[in-house]
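Chemist: Sharing a structure below in structure tokens format, with a few things to ask.
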Amino acid sequence: MAKTILIVDDSASIRQVVGMTLKNAGYDVIEGVDGKDALRKLDGRKVHLIISDVNMPVMDGITFLKNVKQLPAYKFTPVIMLTTEAGDAKKAEGQAAGAKAWVVKPFQPAQMLTAVSKLILP
Amino acid sequence: MNLDSIIGTFLAESRELLQQMEDALLQIEQSPDDPELINAIFRAAHTIKGSSGLFGYDAIVAFTHVAESVLDRVRAGEVRFDSELIALMLQVGDHLGGLIDWLADGHDLADVSVETRATDAELITCLKRYLEEAPTAATAPQAAESDHTEARTASGETASHHWHLSLRFGADTLRSGMDPTSFLRYMATFGTVAHVEPVLEHLPALDKLDPEACYIGLELAFVSDADQATIDGTFEFVRDESSIEIIPPHSPLTAFASLLQLRQDEGDEQLQRLLRCGSLTEAEWLQLQTPAVVAESDTTSMSTFGSDDAKSDFPTLAAGNTSPASVATTDNAKAAKAGKEAQRGGGDSNLIRVDAAKLDQLINLVGELIIAGANTRMLAQRSGMLEMNESAETLSRLVEEVRDSALTLRMVQIGATFNRFQRVVRDVSKELGKDIVLQVSGGETELDKTVVEKIGDPLTHLVRNAMDHGIEPAEQRLANGKSAQGVVRLNAYHEAGGIVIEVSDDGGGLNPQKIMAKAVQRGLASEGQPLSDKEIFNLIFEPGFSTADQISNLSGRGVGMDVVKRNITALRGTVELDSKLGQGTCVRIRLPLTLAIIDGFLISVGQASYVVPLDMVEECIELPGKGLENQEFLDLRGDVLPFIRLRQLFADDSTPPRRENVVVVRYAGIRAGLVVDQLLGEFQTVIKPLGKVFAQVPALSGFTILGSGAVALILDIPGLLAQVTHNDNRAGLASSQLNQVNHLRSNAQ
């Protein structure tokens with residue numbers, strides 16, 4: 001069965017492009033528009049990887065990350081955070097919260113696919 | 001799905017973000033330190049940069065990056081939003097909007113005009129001024145990281161043809177969701193793992209073992225043509241807290257010497273592992289033991305492979321859980337912030353984007369459904385079957401509900417349109433050198449999307465007019481006892497099935513004498529013509545009228561107001577103007593809520609049917625039988641009610657029935673009666689536009705098809721009421737128009 005990836009980003013175009021790339025590579029993809037929405041989408045279902053933007057309305061990526069890490073079902077789920085080179089402070093905060101994988105925006109779809117394959121293969 | 005299909009999303013999203021950025025920039029003028037606003041602006045730039053990077057729009061990425069960096073400094077409190085920076089950021093937004101439009105038109109970013117390039121460069125120069133004292137350290141570590149081909153001293157290369165990887169994973173690896181085996185699987189996509197040696201020395205006794213911690217290490221022999229960066233990249237997510245050493249094929253012996261040095265605590269086991277992997281041969285090991293080589297290895301830094309942490313010991317367990325208390329407090333702050341943002345952002349996640357054309361198609365289908373439904377209902381009535389009738393009634397009620405929900409789909413709030421004027425007012429007031437503020441109210445009023453789209457231009461003109469001609473210069477305002485700051489107001493509200501939009505100012509108002517004089521001069525009125533102030537004001541909407549003594553850049557070319565009126569008339573709306581000399585002017589635009597389907601009231605005169613928009617019908621009464629033959633007014637419970645005989649208006653020569661009815665209609669505060677033969681009741685009316693030939697007929701606004709297939713003409717009540725008030729064309733329509741109407745009617749039957 002294909003592995004499931006949750007993409008959390010407030011930008012629809014990023015969700016679509018990343019989603020398309022991952023789907024073409026053989027992953028299943030679910031999307032969330034912000035942290036709160038993503039938590040709702042998770043809802044205990046098996047997710048093999050989470051990709052989340054940091055800067056989002058309603059609930060930002062770091063808060064989302066901290067929330068996810070408190071849920072037993074996702075304690076060991078790898079998380080890739082999307083950041084900009086400008087976000088060093090956020091990065092430190094995110095790392096403390098358990099996000100080790102970071103991909104710097106802007107990225108090419110292929111870069112994202114590479115990063116994902118390092119953590120899970122389809 | 002391919003990339004092209006997503007570009008539409010990107011363009012729409014970017015436009016929306018730019019709009020949000022602009023709104024926030026305009027708000028921030030009032031509260032320059034509001035972190036939420038700053039964040040909103042930053043996020044817009046950030047997201048545009050991120051998504052344009054995905055599509056390979058590097059020019060946008062490069063440009064936005066500079067703007068984002070400036071905004072990041074603002075966020076960090078190093079730079080403050082002053083009016084200069086706001087103006088600059090507004091220009092940045094405009095420039096990005098231009099680039100987006102350019103893409104939307106199907107052009108390539110490489111082909112942008114010279115001016116665009118110049119603007120780009122100029123804005124970047126201005127932006128960079130805000131970055132001058134910024135630390136520029138960001139690029140330094142990267143350079144060091146890639147610099148890994150340094151000392152490969154020639155003193156004795158190893159014979160092995162494979163890469164050797166020595167991996168000690170950090171204790172938090174599993175907790176971070178990283179699985180060491182996943183790296184092996186990934187490496188298998190570009191090479192072959194020839195040999196694996198597990199490292200288990202760090203595994204504690206069972207009673208001390210933390211099941212969530214990672215104690216494992218691996219020594220790998222890896223055969224691959226990939227370059228160092230690729231192999232290195234496998235571990236990018238764990239490198240910070242793990243010890244990752246990668247030794248290329250045919251590396252100098254010293255590299256292994258350093259590795260053994262590094263893994264000193266593992267003693268002889270590590271050497272055995274190297275030998276078992278075949279990365280190091282016995283002979284090479286012996287060679288290594290000669291003092292010269294060992295000495296050299298002491299000085300050769302292992303950090304040639306990038307990681308600064310490479311020298312650090314195995315990470316301790318404590319490193320992961322840093323001060324839980326501080327994390328908790330920031331959590332609370334975040335939650336409060338998130339709540340605030342949710343209020344502001346208002347549940348965007350529940351919205352879906354729909355192609356407007358699909359909605360139009362739906363509305364059209366609903367229109368057809370209504371006509372078909374009316375037919376069914378009529379046939380059911382004719383059949384006399386009780387059950388059939390009941391079922392038809394239910395059906396038409398449901399169709400009515402479907403119609404209402406379908407129409408609300410196209411309803412949008414006018415607020416977004418209003419807010420766009422903040423920018424207009426800001427720019428124009430700077431240009432005019434007047435201090436003018438825009439006050440907006442009624443932004444939540446909803447109306448049809450097509451109407452909203454088309455109302456922008458007329459509104460722009462009216463707002464500019466109000467600023468240019470309405471608001472007086474500050475000195476004059478002060479002299480008249482007003483505050484120096486002028487106010488332009490935009491207001492919207494619902495009234496009788498329509499929406500009213502007001503553009504008002506607290507400026508000098510219109511001078512009736514001046515307008516009259518101008519009108520006479522332009523031949524729009526004759527000297528001494530008895531006109532009320534209101535009538536005089538409305539002369540402004542006549543083609544070719546301008547009161548500005550000096551024609552300014554903004555308005556006053558004399559082509560404005562008549563165009564405004566024409567645009568609004570095209571939307572089946574009306575426009576009127578009120579003004580008090582010295583106190584201000586108010587332009588009131590009345591528009592129908594929707595352009596497609598209305599609740600109508602069906603009436604008949606002779607053989608013909610007509611529809612009156614139901615919202616405008618106040619009541620129906622019977623025409624008092626006697627004594628009104630040549631009258632134009634009747635007594636409605638003590639009030640004077642002017643009336644129009646439709647039979648006379650449309651020159652219908654059929655014999656009137658014994659009892660006629662009066663439909664009392666009201667529009668824009670004027671009441672009048674329409675004398676008709678029969679009242680046929682409510683009727684859902686799908687408005688079909690009249691052809692161009694009939695566009696000039698003043699009393700009709702369209703037609704509709706009845707259940708029987710017959711045509712009913714929709715009466716243009718505002719037009720008819722204008723006739724009542726002007727008291728001119730009472731004798732009937734001009735004969736040529738009449739012929740057209742009769743022709744239309746006979747064609748339909």
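Residues are referred to by chain and number: the chain letter is A, B, ... according to the order shown in the structure tokens, the number counts from 1 in that chain, and ligands are numbered separately from 1 in the order shown.
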Please build the interface table for chain A against chain B with a cut-off of 8 Å, listing for each qualifying residue the nearest atom pair and the distance in Å to one decimal; count only C-alpha atoms, order rows by chain and increasing number, and write it as CSV.

Modeler:
residue,atom,partner,partner_atom,distance
A:Ser11,CA,B:Thr47,CA,6.6
A:Ala12,CA,B:Thr9,CA,7.0
A:Ser13,CA,B:Phe10,CA,5.1
A:Ile14,CA,B:Ser51,CA,5.6
A:Gln16,CA,B:Ile6,CA,6.9
A:Val17,CA,B:Leu3,CA,6.9
A:Met20,CA,B:Met1,CA,7.2
A:Val33,CA,B:Ser349,CA,6.5
A:Asp37,CA,B:Ser349,CA,7.5
A:Asn55,CA,B:Arg43,CA,6.7
A:Met56,CA,B:Arg43,CA,7.6
A:Pro57,CA,B:Glu341,CA,6.5
A:Val58,CA,B:Ala342,CA,4.8
A:Met59,CA,B:Ala338,CA,5.4
A:Asp60,CA,B:Ala338,CA,7.7
A:Thr63,CA,B:Asp331,CA,6.9
A:Lys75,CA,B:Arg175,CA,6.7
A:Phe76,CA,B:Gly177,CA,4.2
A:Thr77,CA,B:Gly177,CA,4.5
A:Pro78,CA,B:Gly177,CA,3.7
A:Val79,CA,B:Gly177,CA,6.9
A:Glu85,CA,B:Ala138,CA,7.8
A:Ala86,CA,B:Ser69,CA,6.8
A:Ala96,CA,B:Gly320,CA,7.0
A:Gly98,CA,B:Ser176,CA,5.4
A:Ala99,CA,B:Ser176,CA,6.3
A:Lys100,CA,B:Phe237,CA,5.5
A:Ala101,CA,B:Phe237,CA,4.6
A:Trp102,CA,B:Phe237,CA,7.2
A:Lys105,CA,B:Gly50,CA,5.2
A:Pro106,CA,B:Gly50,CA,4.4
A:Phe107,CA,B:Leu54,CA,5.8
A:Gln108,CA,B:Leu54,CA,5.1
A:Pro109,CA,B:Leu54,CA,6.3
A:Ser117,CA,B:Tyr186,CA,6.2
A:Lys118,CA,B:Tyr186,CA,5.3
A:Leu119,CA,B:Ser182,CA,5.6
A:Ile120,CA,B:Ser182,CA,6.0
A:Leu121,CA,B:Tyr186,CA,7.1

Chemist: Can you tell me, as a ChimeraX atom specification, what residues are no more than 6 Å from Tyr27 (chain A) when counting only C-alpha atoms, ignoring any on the same chain fewer than 4 positions away?

Modeler: /A:2-4,22-23,122

Chemist: Can you tell me how far CA of Ile598 (chain B) sits from CA of Asp615 (chain B), in Å to one decimal?

Modeler: 8.9 Å

Chemist: Taking only chain A into account, list the residues labelled helix (DSSP H, G or I) by DSSP (computed from the backbone), as JSON, numbers by chain.

Modeler: {"A": [12, 13, 14, 15, 16, 17, 18, 19, 20, 21, 22, 23, 24, 25, 35, 36, 37, 38, 39, 40, 41, 42, 61, 62, 63, 64, 65, 66, 67, 68, 69, 70, 72, 73, 74, 88, 89, 90, 91, 92, 93, 94, 95, 96, 109, 110, 111, 112, 113, 114, 115, 116, 117, 118, 119]}
